[in-house]
Amino acid sequence: MWWMTFRIALRALKRNKLRSFLTMLGIIIGVGAVIAMVAIGEGAKALVRSQIASLGTNVLVVIPGTLTQGGARTGFGGVRTLLDSDARAIMEEVPSVTLASPTLRQVNQVVAGNLNWSTVIQGVAPEFQQIRDWQVVDGRFVNQADVDNAAKVALIGETVANVLFGNEDPIDGVIRIKKIPFRVIGILGAKGQTGQGTDQDDVVMIPYTTMQKRIMGIVHVQSIVVSAVSAEKTQEAQQQMTALLRQRHRIQPGQDDDFFIRNLSDIAEAAQNSARVMAILLGSIASVSLLVGGIGIMNIMLVSVTERTREIGIRMAVGARKKDIMLQFIVEAVVMAAIGGALGTLAGVGSSGAINRMMEWPVLIRPDIIVLALLVSGGVGVFFGFYPAQKAANLDPIEALRYE
Amino acid sequence: MSELIRVRDLHKIYRMGDIEVPALRGINLEIERGEFVAVMGASGSGKSTFMNILGCLDRPTSGSYLLEEHEVGSLSPDEWAHIRNRKIGFVFQGFNLLARTSALENVELPMMYNGLPGAGRHQRALEVLALVGLEGRVEHTPNQLSGGQQQRVAIARALVNRPSLILADEPTGNLDSKTSAEIMKLFQNLNVQEGLTIVLVTHEADIAAYARRQIQFRDGEIVSDQKKDEGQLNPSRV
């Protein structure tokens with residue numbers, strides 16, 4: 001019965017090839033547009049996500065709080081209560097935190113041979129590499145032994161390497177910071193600029209203990225960078241860290257924190273939101289064309305019902321029930337929509353690929369969207385086929401047989 | 001012979017706005033199995049309305065219609081569809097075949113609505129096409145067939161589900177007299193050899209003469225009901 005109905009539908013569609021194709025074209029364009037537009041939108045989202053990931057959305061930064069002395073408040077970092085032991089405690093005791101690294105920074109003149117360059121010297125722990133997702137293209141990162149011994153070793157960013165070493169291999173070369181010689185143990189991978197235009201590759205990294213003892217002569221740390229288990233867990237991590245640090249710093253209830261915790265999730269959220277808005281916009285515009293395609297099917301089905309009134313009458317006379325007639329026309333609409341959907345999928349995937357190659361725009365074809373688009377096009381067939389089918393099924397057989 | 005159709009006090013009134021137009025005014029009639037009945041009358045006499053009611057296509061305003069001793073006048077449209085499929089075969093003036101569809105598939109059509117499997121359908125369709133003398137034309141579409149051949153396909157389609165009743169509405173109206181005679185002969189043969197009950201609507205006396213019983217309608221009433229002797233079965237002019 002189903003197979004027969006399906007065959008009848010196919011034959012009816014074949015009878016008006018051009019008309020069926022033009023009707024399907026509405027669905028083809030609709031489904032194709034949905035798939036391609038969503039692919040473009042998802043590509044943009046993925047791009048934004050990866051860019052944000054390079055900033056580290058799950059990264060939190062603990063900085064010392066302000067100090068009020070005789071009515072004057074110092075800026076951030078005015079107090080000296082933040083210690084490297086806080087970093088260790090955060091890492092070990094806060095469950096939603098994976099890694100933590102104390103950091104210190106200072107701008108200093110760096111000398112190599114007869115060249116010199118003013119750059120940011122950053123004191124870090126081995127965990128820093130993973131927290132900030134910083135690649136080492138040559139050599140190695142700071143290790144625990146370096147930290148324990150306050151070793152005079154340094155990693156240099158790409159910009160520093162170009163300026164101080166040019167074409168020479170910087171590995172095992174010597175740079176001097178405040179007249180102290182450091183052995184270059186690695187070159188950091190390029191990170192490019194930040195949103196504010198700061199060159200992230202213009203940096204020298206040394207063990208934070210070396211920074212404390214040999215460069216700055218202090219025992220506290222300037223900040224602690226922390227990575228939470230995931231971007232979603234940053235809020236939780238922030239609360240747990242606050243509780244831990246208040247306890248460690250012996251802050252009484254009601255007293256202000258002597259530290260601040262910042263995170264990047266606001267920026268990340270804003271960027272992701274704009275990408276999502278774009279994806280939704282593209283998807284909804286494409287959905288409109290699918291809707292228009294559906295209306296096209298309905299229109300043609302109505303014409304078809306009128307044209308085939310006599311056929312309907314004959315079928316009724318030989319024993320077709322209302323539901324048989326209904327089924328026949330719905331199946332016809334669904335077959336048209338489904339073929340259109342399948343061709344539209346090909347068109348969508350094809351055009352996504354073309355956009356990717358020709359415009360070098362990242363696209364992400366989501367299989368679930370393809371399945372959804374196919375289901376929706378089938379649904380469009382049922383929905384827009386229903387009214388014409390019902391109209392056909394409700395024909396009076398006597399009238400229908402008499403129809404010229 | 002057993003009774004196939006019993007109609008009692010059948011009325012049909014059409015409403016045209018506020019005006020009531022009576023089409024049938026108290027029809028009483030019995031038709032036995034194996035009869036060949038011609039229903040005659042001018043247009044507007046109510047014979048088509050009567051046929052539509054017999055064919056379960058239309059509902060009487062009042063009265064009863066028993067088909068095989070079951071009341072069918074008041075059934076639902078789907079139950080009617082079932083009866084049309086199993087018990088009634090229609091032959092129309094305009095043939096009413098599906099265009100661009102082979103004779104075979106046209107004949108298979110009624111079987112599609114009774115759940116017969118494909119192979120069985122095919123075999124049965126070929127069987128009835130042979131019965132109406134169209135063995136060699138099964139793959140032809142209606143526009144490749146002559147009027148007479150098209151009507152034979154329609155008759156085959158009417159026969160295919162082994163109905164108890166064949167309703168033929170002006171079956172020769174679109175045919176020339178020679179072909180008309182052939183078609184009427186076919187009906188006669190089916191009636192005599194297969195024992196089929198046939199009710200034929202016509203306004204032509206010479207077509208009605210092929211039947212064994214003639215019923216005359218006028219203004220929604222039966223005005224005459226005549227049975228012919230067996231000896232007079234074949235009209236002399238053929």
# chains A, B, ... in the order shown; residues from 1 in each chain; ligands from 1
>>> closest_atom_pairs(of="chain B", to="chain A", cutoff="6 Å", atoms="only C-alpha atoms", output="Markdown table")
| residue | atom | partner | partner_atom | distance |
| --- | --- | --- | --- | --- |
| B:Asp78 | CA | A:Arg321 | CA | 5.4 |
| B:Ala81 | CA | A:Gly319 | CA | 4.4 |
| B:His82 | CA | A:Gly319 | CA | 5.7 |
| B:Arg84 | CA | A:Gly319 | CA | 5.2 |
| B:Asn85 | CA | A:Gly319 | CA | 4.0 |
| B:Pro110 | CA | A:Val318 | CA | 5.1 |
| B:Tyr113 | CA | A:Ala320 | CA | 5.8 |
>>> write_last_selection(atoms="C-alpha atoms", output="PDB file, in the first residue's frame")
ATOM      1  CA  ASP B  78     -15.872   5.280   4.389  1.00  0.00           C
ATOM      2  CA  ALA B  81     -16.228   3.485  -0.156  1.00  0.00           C
ATOM      3  CA  HIS B  82     -15.854  -0.092   1.022  1.00  0.00           C
ATOM      4  CA  ARG B  84     -18.249   0.688  -3.854  1.00  0.00           C
ATOM      5  CA  ASN B  85     -14.958  -1.139  -3.818  1.00  0.00           C
ATOM      6  CA  PRO B 110      -9.872  -0.892  -7.497  1.00  0.00           C
ATOM      7  CA  TYR B 113      -7.904  -0.133  -2.266  1.00  0.00           C
TER       8      TYR B 113
END
>>> residues_around(residues="segment 200-213 of chain A", least_positions_apart="2", cutoff="6 Å", atoms="only C-alpha atoms", output="list in words")
Thr119, Val120, Ile121, Gln122, Gly123, Val124, Ala125, Val147, Ala150, Ala154, Leu155, Ile156, Gly157, Glu158, Thr159, Val160, Ala190, Lys191, Gly192, Gln193, Thr198, Ile215, Met216, Gly217 and Ile218 of chain A
>>> write_last_selection(atoms="N, CA and C atoms", output="compact mmCIF listing (two decimals), in the first residue's frame")
# COMPACT_ATOMS: atom_id res chain seq x y z
N THR A 119 62.01 45.43 27.15
CA THR A 119 60.87 44.51 27.00
C THR A 119 60.31 44.11 28.36
N VAL A 120 59.22 43.38 28.32
CA VAL A 120 58.58 42.92 29.55
C VAL A 120 59.26 41.65 30.01
N ILE A 121 59.73 41.68 31.26
CA ILE A 121 60.28 40.46 31.84
C ILE A 121 59.18 39.87 32.70
N GLN A 122 58.88 38.61 32.45
CA GLN A 122 57.79 37.99 33.18
C GLN A 122 58.34 36.80 33.97
N GLY A 123 58.05 36.80 35.29
CA GLY A 123 58.44 35.67 36.12
C GLY A 123 57.27 34.69 36.19
N VAL A 124 57.54 33.44 35.85
CA VAL A 124 56.45 32.47 35.76
C VAL A 124 56.83 31.14 36.41
N ALA A 125 55.79 30.32 36.66
CA ALA A 125 56.00 28.94 37.10
C ALA A 125 55.78 28.02 35.90
N VAL A 147 62.71 26.70 38.92
CA VAL A 147 62.03 27.49 39.95
C VAL A 147 62.71 27.27 41.31
N ALA A 150 66.04 28.98 41.44
CA ALA A 150 66.06 30.36 40.93
C ALA A 150 67.09 30.47 39.81
N ALA A 154 66.11 31.72 30.58
CA ALA A 154 65.05 32.57 30.03
C ALA A 154 64.49 31.99 28.74
N LEU A 155 63.16 32.26 28.53
CA LEU A 155 62.57 31.99 27.23
C LEU A 155 62.31 33.35 26.60
N ILE A 156 62.48 33.45 25.30
CA ILE A 156 62.23 34.75 24.67
C ILE A 156 61.12 34.64 23.63
N GLY A 157 60.35 35.69 23.54
CA GLY A 157 59.27 35.75 22.56
C GLY A 157 59.83 35.98 21.16
N GLU A 158 59.01 35.81 20.18
CA GLU A 158 59.46 35.91 18.79
C GLU A 158 60.04 37.29 18.46
N THR A 159 59.37 38.32 18.95
CA THR A 159 59.82 39.68 18.66
C THR A 159 61.21 39.91 19.25
N VAL A 160 61.39 39.48 20.50
CA VAL A 160 62.68 39.65 21.17
C VAL A 160 63.75 38.87 20.43
N ALA A 190 54.61 32.27 18.49
CA ALA A 190 54.01 33.59 18.28
C ALA A 190 52.56 33.59 18.75
N LYS A 191 52.15 34.66 19.42
CA LYS A 191 50.77 34.81 19.87
C LYS A 191 50.08 36.00 19.22
N GLY A 192 50.85 36.85 18.62
CA GLY A 192 50.27 38.03 17.99
C GLY A 192 49.89 39.09 18.99
N GLN A 193 49.04 40.02 18.51
CA GLN A 193 48.66 41.13 19.37
C GLN A 193 47.44 40.81 20.20
N THR A 198 48.71 45.31 22.15
CA THR A 198 49.99 44.98 22.78
C THR A 198 50.58 43.75 22.10
N ILE A 215 65.92 39.90 40.27
CA ILE A 215 65.57 41.10 39.49
C ILE A 215 64.87 42.13 40.36
N MET A 216 63.83 41.67 41.12
CA MET A 216 63.00 42.64 41.81
C MET A 216 63.31 42.75 43.29
N GLY A 217 63.87 41.71 43.85
CA GLY A 217 64.21 41.75 45.26
C GLY A 217 63.00 41.84 46.17
N ILE A 218 61.96 41.08 45.87
CA ILE A 218 60.76 41.06 46.71
C ILE A 218 60.39 39.61 47.02
>>> atom_distance(atom1="atom CA of Ser102 of chain B", atom2="atom CA of Glu399 of chain A")
25.0 Å
>>> residues_around(residues="segment 83-86 of chain A", least_positions_apart="4", cutoff="9 Å", atoms="only C-alpha atoms", output="list of chain:residue names")
A:Ile90, A:Met91, A:Ser101, A:Pro102, A:Thr103, A:Val219, A:His220, A:Val221, A:Gln222, A:Ser223, A:Ile224, A:Leu244, A:Leu245, A:Arg248
>>> select_by_dssp(residues="segment 177-403 of chain A", states="strand (DSSP E)", output="PyMOL selection string")
chain A and resi 177+180-188+203-207+223-228+259-263
>>> write_last_selection(atoms="C-alpha atoms", output="compact mmCIF listing (two decimals), in the first residue's frame")
# COMPACT_ATOMS: atom_id res chain seq x y z
CA ILE A 177 68.93 41.60 32.43
CA ILE A 180 72.76 39.29 35.20
CA PRO A 181 73.42 36.78 32.42
CA PHE A 182 70.59 34.41 31.50
CA ARG A 183 70.88 31.38 29.27
CA VAL A 184 68.19 31.21 26.59
CA ILE A 185 66.47 27.82 26.95
CA GLY A 186 63.58 28.25 24.57
CA ILE A 187 61.71 30.40 22.08
CA LEU A 188 58.02 31.05 22.61
CA VAL A 203 58.37 39.23 26.20
CA VAL A 204 61.07 37.39 28.13
CA MET A 205 60.03 34.71 30.59
CA ILE A 206 62.16 33.59 33.51
CA PRO A 207 61.38 31.50 36.62
CA SER A 223 49.55 38.16 40.47
CA ILE A 224 48.50 34.58 40.30
CA VAL A 225 47.08 33.24 37.06
CA VAL A 226 44.71 30.35 37.53
CA SER A 227 42.96 28.05 35.10
CA ALA A 228 39.58 26.71 36.05
CA PHE A 259 42.89 40.87 46.62
CA PHE A 260 40.87 40.97 43.43
CA ILE A 261 39.98 38.16 41.11
CA ARG A 262 39.38 38.97 37.48
CA ASN A 263 38.31 36.77 34.63
>>> atom_distance(atom1="atom CA of Gln328 of chain A", atom2="atom CA of Gly340 of chain A")
18.2 Å
>>> select_by_dssp(residues="segment 140-220 of chain A", states="alpha helix (DSSP H)", output="PyMOL selection string")
chain A and resi 144-149+158-165+208-210
>>> write_last_selection(atoms="N, CA, C and O atoms", output="PDB file, in the first residue's frame")
ATOM      1  N   GLN A 144      60.346  22.851  37.047  1.00  0.00           N
ATOM      2  CA  GLN A 144      60.305  23.002  38.508  1.00  0.00           C
ATOM      3  C   GLN A 144      61.714  23.200  39.087  1.00  0.00           C
ATOM      4  O   GLN A 144      61.891  23.970  40.027  1.00  0.00           O
ATOM      5  N   ALA A 145      62.697  22.513  38.497  1.00  0.00           N
ATOM      6  CA  ALA A 145      64.076  22.655  38.987  1.00  0.00           C
ATOM      7  C   ALA A 145      64.562  24.095  38.832  1.00  0.00           C
ATOM      8  O   ALA A 145      65.211  24.653  39.723  1.00  0.00           O
ATOM      9  N   ASP A 146      64.199  24.725  37.698  1.00  0.00           N
ATOM     10  CA  ASP A 146      64.559  26.127  37.466  1.00  0.00           C
ATOM     11  C   ASP A 146      63.987  26.999  38.575  1.00  0.00           C
ATOM     12  O   ASP A 146      64.647  27.897  39.094  1.00  0.00           O
ATOM     13  N   VAL A 147      62.710  26.701  38.921  1.00  0.00           N
ATOM     14  CA  VAL A 147      62.035  27.494  39.946  1.00  0.00           C
ATOM     15  C   VAL A 147      62.711  27.269  41.306  1.00  0.00           C
ATOM     16  O   VAL A 147      63.019  28.216  42.031  1.00  0.00           O
ATOM     17  N   ASP A 148      62.966  26.007  41.627  1.00  0.00           N
ATOM     18  CA  ASP A 148      63.560  25.679  42.927  1.00  0.00           C
ATOM     19  C   ASP A 148      64.943  26.319  43.096  1.00  0.00           C
ATOM     20  O   ASP A 148      65.286  26.796  44.171  1.00  0.00           O
ATOM     21  N   ASN A 149      65.709  26.353  42.019  1.00  0.00           N
ATOM     22  CA  ASN A 149      67.069  26.887  42.110  1.00  0.00           C
ATOM     23  C   ASN A 149      67.165  28.365  41.743  1.00  0.00           C
ATOM     24  O   ASN A 149      68.261  28.902  41.696  1.00  0.00           O
ATOM     25  N   GLU A 158      59.015  35.807  20.181  1.00  0.00           N
ATOM     26  CA  GLU A 158      59.463  35.906  18.794  1.00  0.00           C
ATOM     27  C   GLU A 158      60.041  37.285  18.465  1.00  0.00           C
ATOM     28  O   GLU A 158      61.072  37.410  17.808  1.00  0.00           O
ATOM     29  N   THR A 159      59.371  38.319  18.951  1.00  0.00           N
ATOM     30  CA  THR A 159      59.821  39.678  18.660  1.00  0.00           C
ATOM     31  C   THR A 159      61.211  39.912  19.250  1.00  0.00           C
ATOM     32  O   THR A 159      62.107  40.435  18.564  1.00  0.00           O
ATOM     33  N   VAL A 160      61.386  39.479  20.499  1.00  0.00           N
ATOM     34  CA  VAL A 160      62.680  39.651  21.169  1.00  0.00           C
ATOM     35  C   VAL A 160      63.752  38.869  20.426  1.00  0.00           C
ATOM     36  O   VAL A 160      64.865  39.362  20.198  1.00  0.00           O
ATOM     37  N   ALA A 161      63.410  37.639  20.024  1.00  0.00           N
ATOM     38  CA  ALA A 161      64.372  36.810  19.300  1.00  0.00           C
ATOM     39  C   ALA A 161      64.808  37.492  18.013  1.00  0.00           C
ATOM     40  O   ALA A 161      66.013  37.541  17.693  1.00  0.00           O
ATOM     41  N   ASN A 162      63.856  38.082  17.281  1.00  0.00           N
ATOM     42  CA  ASN A 162      64.198  38.768  16.032  1.00  0.00           C
ATOM     43  C   ASN A 162      65.082  39.972  16.273  1.00  0.00           C
ATOM     44  O   ASN A 162      66.042  40.205  15.538  1.00  0.00           O
ATOM     45  N   VAL A 163      64.749  40.723  17.309  1.00  0.00           N
ATOM     46  CA  VAL A 163      65.480  41.964  17.566  1.00  0.00           C
ATOM     47  C   VAL A 163      66.900  41.683  18.053  1.00  0.00           C
ATOM     48  O   VAL A 163      67.859  42.289  17.580  1.00  0.00           O
ATOM     49  N   LEU A 164      67.022  40.746  18.993  1.00  0.00           N
ATOM     50  CA  LEU A 164      68.323  40.532  19.627  1.00  0.00           C
ATOM     51  C   LEU A 164      69.203  39.521  18.907  1.00  0.00           C
ATOM     52  O   LEU A 164      70.412  39.572  19.012  1.00  0.00           O
ATOM     53  N   PHE A 165      68.613  38.602  18.215  1.00  0.00           N
ATOM     54  CA  PHE A 165      69.430  37.550  17.603  1.00  0.00           C
ATOM     55  C   PHE A 165      69.373  37.537  16.076  1.00  0.00           C
ATOM     56  O   PHE A 165      70.211  36.917  15.447  1.00  0.00           O
ATOM     57  N   TYR A 208      59.808  32.458  38.233  1.00  0.00           N
ATOM     58  CA  TYR A 208      59.337  33.556  39.079  1.00  0.00           C
ATOM     59  C   TYR A 208      60.228  33.762  40.303  1.00  0.00           C
ATOM     60  O   TYR A 208      60.375  34.859  40.809  1.00  0.00           O
ATOM     61  N   THR A 209      60.860  32.669  40.752  1.00  0.00           N
ATOM     62  CA  THR A 209      61.759  32.800  41.913  1.00  0.00           C
ATOM     63  C   THR A 209      62.965  33.646  41.540  1.00  0.00           C
ATOM     64  O   THR A 209      63.420  34.494  42.327  1.00  0.00           O
ATOM     65  N   THR A 210      63.494  33.442  40.345  1.00  0.00           N
ATOM     66  CA  THR A 210      64.612  34.230  39.855  1.00  0.00           C
ATOM     67  C   THR A 210      64.214  35.695  39.798  1.00  0.00           C
ATOM     68  O   THR A 210      64.972  36.591  40.186  1.00  0.00           O
TER      69      THR A 210
END
>>> residues_around(residues="segment 61-76 of chain B", least_positions_apart="5", cutoff="6 Å", atoms="only C-alpha atoms", output="number ranges by chain")
B: 4-12
>>> write_last_selection(atoms="C-alpha atoms", output="PDB file, in the first residue's frame")
ATOM      1  CA  LEU B   4     -30.080  -8.099  -4.397  1.00  0.00           C
ATOM      2  CA  ILE B   5     -31.650  -4.661  -4.114  1.00  0.00           C
ATOM      3  CA  ARG B   6     -34.735  -3.575  -2.221  1.00  0.00           C
ATOM      4  CA  VAL B   7     -35.673   0.079  -2.294  1.00  0.00           C
ATOM      5  CA  ARG B   8     -38.592   1.316  -0.186  1.00  0.00           C
ATOM      6  CA  ASP B   9     -40.255   4.709  -0.427  1.00  0.00           C
ATOM      7  CA  LEU B  10     -37.080   6.423  -1.504  1.00  0.00           C
ATOM      8  CA  HIS B  11     -37.134  10.227  -1.582  1.00  0.00           C
ATOM      9  CA  LYS B  12     -34.439  12.654  -2.567  1.00  0.00           C
TER      10      LYS B  12
END
>>> residues_around(residues="segment 137-141 of chain B", least_positions_apart="3", cutoff="10 Å", atoms="only C-alpha atoms", output="CSV table (one decimal) with all heavy atoms, in the first residue's frame")
chain,number,residue,atom,x,y,z
B,97,LEU,N,-11.3,6.8,-17.3
B,97,LEU,CA,-10.1,6.0,-17.1
B,97,LEU,C,-9.0,7.1,-16.6
B,97,LEU,O,-9.1,8.2,-17.0
B,97,LEU,CB,-9.6,5.3,-18.3
B,97,LEU,CG,-10.6,4.3,-18.8
B,97,LEU,CD1,-10.1,3.7,-20.2
B,97,LEU,CD2,-10.8,3.1,-17.8
B,98,LEU,N,-8.0,6.6,-15.9
B,98,LEU,CA,-6.9,7.5,-15.5
B,98,LEU,C,-6.1,7.7,-16.8
B,98,LEU,O,-5.6,6.8,-17.4
B,98,LEU,CB,-6.0,6.9,-14.4
B,98,LEU,CG,-6.7,6.7,-13.1
B,98,LEU,CD1,-5.7,6.3,-12.0
B,98,LEU,CD2,-7.4,8.0,-12.6
B,99,ALA,N,-5.9,9.0,-17.1
B,99,ALA,CA,-5.1,9.3,-18.3
B,99,ALA,C,-3.6,8.9,-18.1
B,99,ALA,O,-3.1,8.8,-17.0
B,99,ALA,CB,-5.2,10.8,-18.6
B,100,ARG,N,-2.9,8.7,-19.2
B,100,ARG,CA,-1.5,8.3,-19.2
B,100,ARG,C,-1.2,7.2,-18.2
B,100,ARG,O,-0.2,7.1,-17.6
B,100,ARG,CB,-0.7,9.5,-18.8
B,100,ARG,CG,-0.6,10.5,-20.0
B,100,ARG,CD,0.1,11.8,-19.6
B,100,ARG,NE,-0.7,12.6,-18.8
B,100,ARG,CZ,-0.3,13.9,-18.5
B,100,ARG,NH1,0.8,14.4,-18.9
B,100,ARG,NH2,-1.1,14.7,-17.8
B,101,THR,N,-2.2,6.3,-18.1
B,101,THR,CA,-2.0,5.1,-17.2
B,101,THR,C,-2.4,3.9,-18.1
B,101,THR,O,-3.5,4.0,-18.7
B,101,THR,CB,-2.9,5.3,-16.0
B,101,THR,OG1,-2.5,6.5,-15.4
B,101,THR,CG2,-2.6,4.1,-15.0
B,102,SER,N,-1.7,2.8,-18.0
B,102,SER,CA,-1.9,1.7,-18.9
B,102,SER,C,-3.3,1.1,-18.5
B,102,SER,O,-3.8,1.2,-17.4
B,102,SER,CB,-0.8,0.7,-18.8
B,102,SER,OG,-0.9,0.0,-17.5
B,103,ALA,N,-3.8,0.3,-19.5
B,103,ALA,CA,-5.1,-0.4,-19.3
B,103,ALA,C,-5.0,-1.3,-18.1
B,103,ALA,O,-5.9,-1.3,-17.2
B,103,ALA,CB,-5.4,-1.2,-20.5
B,104,LEU,N,-3.8,-2.0,-18.0
B,104,LEU,CA,-3.6,-2.9,-16.9
B,104,LEU,C,-3.7,-2.2,-15.6
B,104,LEU,O,-4.4,-2.6,-14.6
B,104,LEU,CB,-2.2,-3.5,-17.1
B,104,LEU,CG,-1.9,-4.6,-16.1
B,104,LEU,CD1,-2.8,-5.8,-16.2
B,104,LEU,CD2,-0.4,-5.0,-16.2
B,105,GLU,N,-3.0,-1.0,-15.5
B,105,GLU,CA,-3.0,-0.3,-14.2
B,105,GLU,C,-4.4,0.3,-13.9
B,105,GLU,O,-4.8,0.4,-12.7
B,105,GLU,CB,-1.9,0.7,-14.2
B,105,GLU,CG,-0.6,0.1,-13.9
B,105,GLU,CD,0.6,1.1,-14.0
B,105,GLU,OE1,0.9,1.5,-15.1
B,105,GLU,OE2,1.1,1.4,-12.9
B,106,ASN,N,-5.1,0.7,-14.9
B,106,ASN,CA,-6.4,1.2,-14.7
B,106,ASN,C,-7.3,0.1,-14.1
B,106,ASN,O,-8.1,0.4,-13.2
B,106,ASN,CB,-7.0,1.7,-16.0
B,106,ASN,CG,-6.9,3.2,-16.2
B,106,ASN,OD1,-7.5,3.9,-15.4
B,106,ASN,ND2,-6.2,3.6,-17.1
B,107,VAL,N,-7.1,-1.1,-14.6
B,107,VAL,CA,-7.9,-2.2,-14.1
B,107,VAL,C,-7.5,-2.6,-12.7
B,107,VAL,O,-8.3,-3.1,-11.9
B,107,VAL,CB,-7.9,-3.4,-15.1
B,107,VAL,CG1,-8.6,-4.6,-14.5
B,107,VAL,CG2,-8.5,-3.0,-16.4
B,125,ALA,N,-6.1,-8.7,-13.0
B,125,ALA,CA,-6.4,-7.7,-14.0
B,125,ALA,C,-6.3,-8.3,-15.4
B,125,ALA,O,-7.1,-8.0,-16.3
B,125,ALA,CB,-5.4,-6.5,-13.8
B,126,LEU,N,-5.2,-9.1,-15.6
B,126,LEU,CA,-5.0,-9.7,-16.9
B,126,LEU,C,-6.2,-10.6,-17.3
B,126,LEU,O,-6.7,-10.6,-18.4
B,126,LEU,CB,-3.7,-10.5,-16.9
B,126,LEU,CG,-2.5,-9.7,-16.9
B,126,LEU,CD1,-1.2,-10.6,-16.8
B,126,LEU,CD2,-2.3,-8.9,-18.3
B,129,LEU,N,-9.2,-8.5,-18.2
B,129,LEU,CA,-9.0,-7.8,-19.5
B,129,LEU,C,-9.2,-8.8,-20.7
B,129,LEU,O,-9.7,-8.5,-21.7
B,129,LEU,CB,-7.5,-7.2,-19.6
B,129,LEU,CG,-7.4,-5.8,-18.9
B,129,LEU,CD1,-6.0,-5.5,-18.7
B,129,LEU,CD2,-8.1,-4.8,-19.8
B,130,ALA,N,-8.8,-10.1,-20.4
B,130,ALA,CA,-9.0,-11.1,-21.4
B,130,ALA,C,-10.5,-11.4,-21.6
B,130,ALA,O,-11.0,-11.6,-22.7
B,130,ALA,CB,-8.3,-12.4,-20.9
B,133,GLY,N,-11.9,-9.0,-23.8
B,133,GLY,CA,-11.3,-9.1,-25.2
B,133,GLY,C,-10.2,-8.1,-25.4
B,133,GLY,O,-10.1,-7.7,-26.6
B,134,LEU,N,-9.4,-7.8,-24.4
B,134,LEU,CA,-8.4,-6.8,-24.6
B,134,LEU,C,-7.0,-7.4,-24.3
B,134,LEU,O,-6.1,-6.7,-23.8
B,134,LEU,CB,-8.6,-5.6,-23.8
B,134,LEU,CG,-9.6,-4.6,-24.3
B,134,LEU,CD1,-9.8,-3.5,-23.3
B,134,LEU,CD2,-9.3,-4.0,-25.6
B,144,GLN,N,-4.3,5.7,-26.5
B,144,GLN,CA,-3.9,4.8,-27.6
B,144,GLN,C,-5.0,3.8,-27.9
B,144,GLN,O,-4.8,2.9,-28.8
B,144,GLN,CB,-2.6,4.0,-27.2
B,144,GLN,CG,-1.4,5.0,-27.0
B,144,GLN,CD,-0.3,4.2,-26.3
B,144,GLN,OE1,-0.5,3.4,-25.5
B,144,GLN,NE2,0.9,4.5,-26.8
B,145,LEU,N,-6.2,4.0,-27.3
B,145,LEU,CA,-7.3,3.0,-27.5
B,145,LEU,C,-8.5,3.7,-28.1
B,145,LEU,O,-8.7,4.9,-27.8
B,145,LEU,CB,-7.7,2.4,-26.1
B,145,LEU,CG,-6.6,1.5,-25.4
B,145,LEU,CD1,-7.1,1.2,-24.0
B,145,LEU,CD2,-6.4,0.2,-26.2
B,149,GLN,N,-12.7,0.4,-27.0
B,149,GLN,CA,-11.7,-0.3,-26.2
B,149,GLN,C,-11.6,0.3,-24.8
B,149,GLN,O,-11.4,-0.4,-23.8
B,149,GLN,CB,-10.4,-0.3,-26.9
B,149,GLN,CG,-10.3,-1.2,-28.2
B,149,GLN,CD,-9.1,-0.9,-29.0
B,149,GLN,OE1,-8.6,0.2,-29.1
B,149,GLN,NE2,-8.7,-2.0,-29.8
B,150,GLN,N,-11.7,1.7,-24.8
B,150,GLN,CA,-11.6,2.3,-23.5
B,150,GLN,C,-12.8,1.9,-22.6
B,150,GLN,O,-12.6,1.6,-21.4
B,150,GLN,CB,-11.7,3.8,-23.7
B,150,GLN,CG,-10.4,4.4,-24.3
B,150,GLN,CD,-10.5,5.9,-24.3
B,150,GLN,OE1,-10.7,6.6,-23.3
B,150,GLN,NE2,-10.2,6.5,-25.5
B,153,VAL,N,-12.1,-1.4,-21.2
B,153,VAL,CA,-11.2,-1.3,-20.0
B,153,VAL,C,-12.0,-0.9,-18.8
B,153,VAL,O,-11.8,-1.5,-17.7
B,153,VAL,CB,-10.0,-0.3,-20.3
B,153,VAL,CG1,-9.2,-0.1,-19.0
B,153,VAL,CG2,-9.2,-0.7,-21.4
>>> residues_around(residues="Ala38 of chain B", least_positions_apart="6", cutoff="7 Å", atoms="only C-alpha atoms", output="CSV table (one decimal) with N, CA and C atoms, in the first residue's frame")
chain,number,residue,atom,x,y,z
B,199,VAL,N,-27.3,-2.9,-13.8
B,199,VAL,CA,-28.4,-1.9,-13.9
B,199,VAL,C,-27.8,-0.8,-14.9
B,200,LEU,N,-28.5,-0.5,-15.9
B,200,LEU,CA,-28.1,0.3,-17.0
B,200,LEU,C,-29.0,1.6,-17.1
B,201,VAL,N,-28.4,2.7,-17.1
B,201,VAL,CA,-29.1,3.9,-17.3
B,201,VAL,C,-29.0,4.4,-18.7
B,202,THR,N,-30.1,4.7,-19.4
B,202,THR,CA,-30.0,5.1,-20.8
B,202,THR,C,-31.2,5.9,-21.1
B,208,ALA,N,-31.7,0.3,-24.4
B,208,ALA,CA,-32.5,-0.4,-23.3
B,208,ALA,C,-33.0,-1.7,-23.7
B,211,ALA,N,-31.6,-5.0,-22.5
B,211,ALA,CA,-31.8,-5.5,-21.1
B,211,ALA,C,-33.1,-6.3,-21.1
B,213,ARG,N,-35.2,-6.2,-18.5
B,213,ARG,CA,-36.3,-5.5,-17.8
B,213,ARG,C,-36.1,-4.0,-18.0
B,214,GLN,N,-37.1,-3.3,-18.3
B,214,GLN,CA,-37.1,-1.9,-18.5
B,214,GLN,C,-37.9,-1.1,-17.5
B,215,ILE,N,-37.2,-0.2,-16.8
B,215,ILE,CA,-38.0,0.7,-15.9
B,215,ILE,C,-38.0,2.1,-16.4
